[in-house]
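Undergrad: So that we are looking at the same thing, I have put the structure below in structure tokens.
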Amino acid sequence: MNQAFSHIAIIGCGLIGSSILHAINRYYQQNQQAKPRLHIIDNNPAHLAQAQELKLGDDYYADAAQGVQLADFIILASPVGAYASIATQIADHIQPSALISDVGSTKQTIIAQLRAILPAHCSFIAAHPIAGTENSGPSAGFANLFDGRYVIITPDNDTPDLQLQKLTEFWQNLGAMIEIMSAPRHDKVLAITSHLPHLIAYTIVGTARNLENELDSIENNGSTPDSRDVIRFSAGGFRDFTRIAASDPIMWRDVFLHNRDAVLELLANFRNDLDFLTKAIETSDSDALEKWFTDTRIIRRQIIEEKQAGQFIATENKQKK
């Protein structure tokens with residue numbers, strides 16, 4: 001890791017924030033270099049206590065303004081809905097020429113918000129690591145979460161080249177691959193690859209919950225399954241949906257509110273496709289169903305070829321053994 005940063009402040013010590021801290025510590029231990037001083041900021045006392053017990057950083061703060069005073073690199077790792085409030089708290093306490101970045105899943109709205117709040121003497125460059133699990137909190141983090149995963153960086157025409165280089169090298173040294181992308185393109189891409197799938201997962205699991213409640217009120221006459229059967233006989237597809245739907249509800253609430261336009265646009269496309277499949281089932285159109293299912297298999301093969309087929313989950317499980 002370059003030595004451009006002497007003090008790094010991480011605001012928010014959930015899964016991503018704690019994993020960044022683990023990865024920084026791993027890098028400097030492996031390379032036997034003196035690491036920057038790590039300032040951990042979180043307004044949740046339990047999170048701060050856990051982070052300190054895990055020895056993730058050097059200094060621990062509940063007050064963001066106090067925690068960033070020495071930092072030449074600040075990473076916002078809280079839910080995106082808190083960004084504006086945090087930026088307001090720290091704006092008058094940021095070092096000149098400091099670099100500020102984030103890890104949020106939406107870009108256009110938060111860039112507009114933060115550019116209006118943060119002082120002109122610092123640089124804000126938005127970024128998004130495409131990595132995570134359904135777990136949250138400081139104890140959920142692990143050092144190799146970002147190994148072989150993409151981090152999308154969304155600079156604009158005013159982004160200083162040197163600061164972009166620093167941010168790129170930072171993530172590369174945490175094991176990530178870098179993709180430079182415009183903020184509008186990022187938001188549309190993530191709406192279909194992440195946001196809409198999460199919304200569908202929350203919907204399906206919610207429907208299953210409602211079915212359980214419905215079955216509880218119906219006498220089991222031999223043709224109606226017992227409500228426990230929804231859980232006991234969960235197939236792999238449903239289990240995958242429940243894993244996704246176990247993600248941090250506050251984080252995902254904020255994601256949908258901040259990427260509303262792109263999500264709504266893709267929801268309309270999804271409804272059209274769902275109507276097509278509904279009609280194919282109603283009319284027993286086997287050719288249409290087979291073609292649809294055949295064509296969509298291509299996406300899975302391409303994900304595997306890109307080596308993005310969920311290896312971070314296996315890595316996490318291995319790390320925790």
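Residue numbers start at 1 in each chain; chains themselves are named A, B, ... in the order of the structure tokens; ligands are numbered from 1 in the order shown.
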Need the shell around Ser139 in chain A: protein/DNA/RNA residues with any atom at most 9 Å away, counting only C-alpha atoms. Skip same-chain ones fewer than 5 positions apart. Format as a PyMOL selection string?
TA: chain A and resi 14-15+18+47+50-51+54
Undergrad: Go ahead and write the residues just picked, N, CA, C and O atoms, as a PDB file, in the first residue's frame.
TA:
```
ATOM      1  N   GLY A  14     -19.374  -1.677  10.319  1.00  0.00           N
ATOM      2  CA  GLY A  14     -20.164  -2.857  10.017  1.00  0.00           C
ATOM      3  C   GLY A  14     -19.341  -3.858   9.233  1.00  0.00           C
ATOM      4  O   GLY A  14     -18.113  -3.894   9.342  1.00  0.00           O
ATOM      5  N   LEU A  15     -19.999  -4.656   8.417  1.00  0.00           N
ATOM      6  CA  LEU A  15     -19.303  -5.683   7.632  1.00  0.00           C
ATOM      7  C   LEU A  15     -18.207  -5.089   6.759  1.00  0.00           C
ATOM      8  O   LEU A  15     -17.056  -5.541   6.790  1.00  0.00           O
ATOM      9  N   SER A  18     -15.407  -3.001   8.878  1.00  0.00           N
ATOM     10  CA  SER A  18     -14.514  -3.883   9.633  1.00  0.00           C
ATOM     11  C   SER A  18     -13.651  -4.723   8.702  1.00  0.00           C
ATOM     12  O   SER A  18     -12.485  -4.997   9.011  1.00  0.00           O
ATOM     13  N   HIS A  47     -20.798  -1.448  18.766  1.00  0.00           N
ATOM     14  CA  HIS A  47     -19.882  -1.628  17.648  1.00  0.00           C
ATOM     15  C   HIS A  47     -18.471  -1.184  18.020  1.00  0.00           C
ATOM     16  O   HIS A  47     -17.483  -1.856  17.690  1.00  0.00           O
ATOM     17  N   GLN A  50     -16.926  -3.791  20.289  1.00  0.00           N
ATOM     18  CA  GLN A  50     -16.531  -4.987  19.541  1.00  0.00           C
ATOM     19  C   GLN A  50     -15.271  -4.730  18.724  1.00  0.00           C
ATOM     20  O   GLN A  50     -14.358  -5.570  18.680  1.00  0.00           O
ATOM     21  N   ALA A  51     -15.219  -3.575  18.061  1.00  0.00           N
ATOM     22  CA  ALA A  51     -14.050  -3.240  17.245  1.00  0.00           C
ATOM     23  C   ALA A  51     -12.797  -3.156  18.108  1.00  0.00           C
ATOM     24  O   ALA A  51     -11.714  -3.616  17.703  1.00  0.00           O
ATOM     25  N   LEU A  54     -11.704  -6.603  19.106  1.00  0.00           N
ATOM     26  CA  LEU A  54     -11.058  -7.285  17.983  1.00  0.00           C
ATOM     27  C   LEU A  54      -9.730  -6.641  17.592  1.00  0.00           C
ATOM     28  O   LEU A  54      -9.040  -7.140  16.700  1.00  0.00           O
TER      29      LEU A  54
END
```
Undergrad: For Val263 in chain A, work out the shell of residues within 9 Å, counting only C-alpha atoms and skipping chain neighbours fewer than 2 positions away, then give it as a list in words.
TA: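 Listed by chain and then number, they are Asp187, Lys188, Ala191, Ile192, His195, Leu196, Phe256, Asn259, Arg260, Asp261, Glu265, Leu266, Leu267 and Ala268 of chain A.
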Undergrad: Report as an MDAnalysis selection string all protein, DNA and RNA residues lying within 7 Å of range 23-26 of chain A, evaluated on only C-alpha atoms, omitting residues in the same chain fewer than 4 positions from it.
TA: chainID A and resid 19 30 143:144 174
Undergrad: Could you please take those selected residues and save C-alpha atoms as a PDB file, in the first residue's frame?
TA:
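File written: part02.pdb
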```pdb
ATOM      1  CA  SER A  19     -13.391  -5.881   6.582  1.00  0.00           C
ATOM      2  CA  GLN A  30       2.365  -9.296   5.323  1.00  0.00           C
ATOM      3  CA  ALA A 143      -9.599  -9.660   5.664  1.00  0.00           C
ATOM      4  CA  ASN A 144     -10.140 -11.406   2.332  1.00  0.00           C
ATOM      5  CA  LEU A 174      -6.621  -4.800  -0.309  1.00  0.00           C
TER       6      LEU A 174
END
```
Undergrad: Just list as a list in words whatever in range 22-164 of chain A DSSP marks as strand (DSSP E or B).
TA: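 Across range 22-164 of chain A, those assigned strand (DSSP E or B) are Arg37, Leu38, His39, Ile40, Ile41, Asp59, Tyr60, Tyr61, Phe73, Ile74, Ile75, Leu76, Leu99, Ile100, Ser101, Asp102, Ser123, Phe124, Ile125, Ala126, Ala127, His128, Pro129, Tyr150, Val151, Ile152, Ile153 and Thr154 of chain A.
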Undergrad: Just want the 12 Å neighbourhood of range 107-121 of chain A, counted on only C-alpha atoms, with same-chain residues fewer than 4 positions away dropped. Output as a PyMOL selection string.
TA: chain A and resi 72+76+79-103+125-128+152-156+158-160+181-191+254-262
Undergrad: Convert the current residue selection to file output with C-alpha atoms, as a PDB file, in the first residue's frame.
TA:
```pdb
ATOM      1  CA  ASP A  72      -5.829  12.405   5.425  1.00  0.00           C
ATOM      2  CA  LEU A  76     -17.739   6.566   4.758  1.00  0.00           C
ATOM      3  CA  PRO A  79     -25.646   3.296   5.345  1.00  0.00           C
ATOM      4  CA  VAL A  80     -25.902   5.836   2.514  1.00  0.00           C
ATOM      5  CA  GLY A  81     -28.876   7.513   4.188  1.00  0.00           C
ATOM      6  CA  ALA A  82     -26.534   8.754   6.916  1.00  0.00           C
ATOM      7  CA  TYR A  83     -23.956  10.276   4.567  1.00  0.00           C
ATOM      8  CA  ALA A  84     -25.376  13.801   4.483  1.00  0.00           C
ATOM      9  CA  SER A  85     -25.616  13.994   8.274  1.00  0.00           C
ATOM     10  CA  ILE A  86     -22.076  12.662   8.697  1.00  0.00           C
ATOM     11  CA  ALA A  87     -20.688  15.052   6.090  1.00  0.00           C
ATOM     12  CA  THR A  88     -22.322  17.962   7.884  1.00  0.00           C
ATOM     13  CA  GLN A  89     -20.754  16.866  11.184  1.00  0.00           C
ATOM     14  CA  ILE A  90     -17.227  16.540   9.793  1.00  0.00           C
ATOM     15  CA  ALA A  91     -17.146  19.327   7.180  1.00  0.00           C
ATOM     16  CA  ASP A  92     -15.410  21.878   9.423  1.00  0.00           C
ATOM     17  CA  HIS A  93     -12.915  19.358  10.795  1.00  0.00           C
ATOM     18  CA  ILE A  94     -11.412  17.844   7.640  1.00  0.00           C
ATOM     19  CA  GLN A  95      -7.709  18.254   6.939  1.00  0.00           C
ATOM     20  CA  PRO A  96      -6.762  20.313   3.842  1.00  0.00           C
ATOM     21  CA  SER A  97      -6.230  18.071   0.798  1.00  0.00           C
ATOM     22  CA  ALA A  98      -7.779  15.067   2.530  1.00  0.00           C
ATOM     23  CA  LEU A  99      -9.256  12.341   0.358  1.00  0.00           C
ATOM     24  CA  ILE A 100     -12.787  11.214   1.165  1.00  0.00           C
ATOM     25  CA  SER A 101     -14.431   8.145  -0.322  1.00  0.00           C
ATOM     26  CA  ASP A 102     -17.244   5.746   0.466  1.00  0.00           C
ATOM     27  CA  VAL A 103     -18.449   2.183  -0.052  1.00  0.00           C
ATOM     28  CA  ILE A 125     -14.275  10.228  -4.955  1.00  0.00           C
ATOM     29  CA  ALA A 126     -17.138   7.764  -4.718  1.00  0.00           C
ATOM     30  CA  ALA A 127     -16.393   4.042  -4.752  1.00  0.00           C
ATOM     31  CA  HIS A 128     -18.275   0.794  -4.307  1.00  0.00           C
ATOM     32  CA  ILE A 152     -16.140   0.396  -8.939  1.00  0.00           C
ATOM     33  CA  ILE A 153     -14.762   3.940  -8.707  1.00  0.00           C
ATOM     34  CA  THR A 154     -16.842   6.775 -10.141  1.00  0.00           C
ATOM     35  CA  PRO A 155     -14.678   9.872 -10.670  1.00  0.00           C
ATOM     36  CA  ASP A 156     -15.760  12.887 -12.700  1.00  0.00           C
ATOM     37  CA  ASP A 158     -12.903  17.429 -11.709  1.00  0.00           C
ATOM     38  CA  THR A 159     -11.336  14.475  -9.904  1.00  0.00           C
ATOM     39  CA  PRO A 160      -7.592  15.061  -9.291  1.00  0.00           C
ATOM     40  CA  MET A 181     -17.319   3.892 -14.369  1.00  0.00           C
ATOM     41  CA  SER A 182     -19.619   6.897 -14.552  1.00  0.00           C
ATOM     42  CA  ALA A 183     -22.041   7.335 -11.660  1.00  0.00           C
ATOM     43  CA  PRO A 184     -25.212   7.023 -13.829  1.00  0.00           C
ATOM     44  CA  ARG A 185     -23.943   3.811 -15.399  1.00  0.00           C
ATOM     45  CA  HIS A 186     -23.006   2.424 -11.974  1.00  0.00           C
ATOM     46  CA  ASP A 187     -26.477   3.070 -10.598  1.00  0.00           C
ATOM     47  CA  LYS A 188     -28.212   1.380 -13.528  1.00  0.00           C
ATOM     48  CA  VAL A 189     -25.856  -1.620 -13.532  1.00  0.00           C
ATOM     49  CA  LEU A 190     -26.223  -2.135  -9.775  1.00  0.00           C
ATOM     50  CA  ALA A 191     -29.972  -1.708  -9.969  1.00  0.00           C
ATOM     51  CA  ASP A 254     -31.509   3.630   2.002  1.00  0.00           C
ATOM     52  CA  VAL A 255     -30.296   1.980  -1.212  1.00  0.00           C
ATOM     53  CA  PHE A 256     -33.796   1.832  -2.695  1.00  0.00           C
ATOM     54  CA  LEU A 257     -34.586   5.407  -1.709  1.00  0.00           C
ATOM     55  CA  HIS A 258     -31.321   6.727  -3.181  1.00  0.00           C
ATOM     56  CA  ASN A 259     -31.449   4.706  -6.405  1.00  0.00           C
ATOM     57  CA  ARG A 260     -35.186   5.023  -6.845  1.00  0.00           C
ATOM     58  CA  ASP A 261     -35.303   6.035 -10.518  1.00  0.00           C
ATOM     59  CA  ALA A 262     -33.093   3.224 -11.807  1.00  0.00           C
TER      60      ALA A 262
END
```
Undergrad: Quick one, how far is CA of Trp252 in chain A from CA of Ala77 in chain A?
TA: 13.7 Å
Undergrad: Would you mind reading off the distance between CA of Asp285 in chain A and CA of Gln302 in chain A, one decimal, in Å?
TA: 27.4 Å
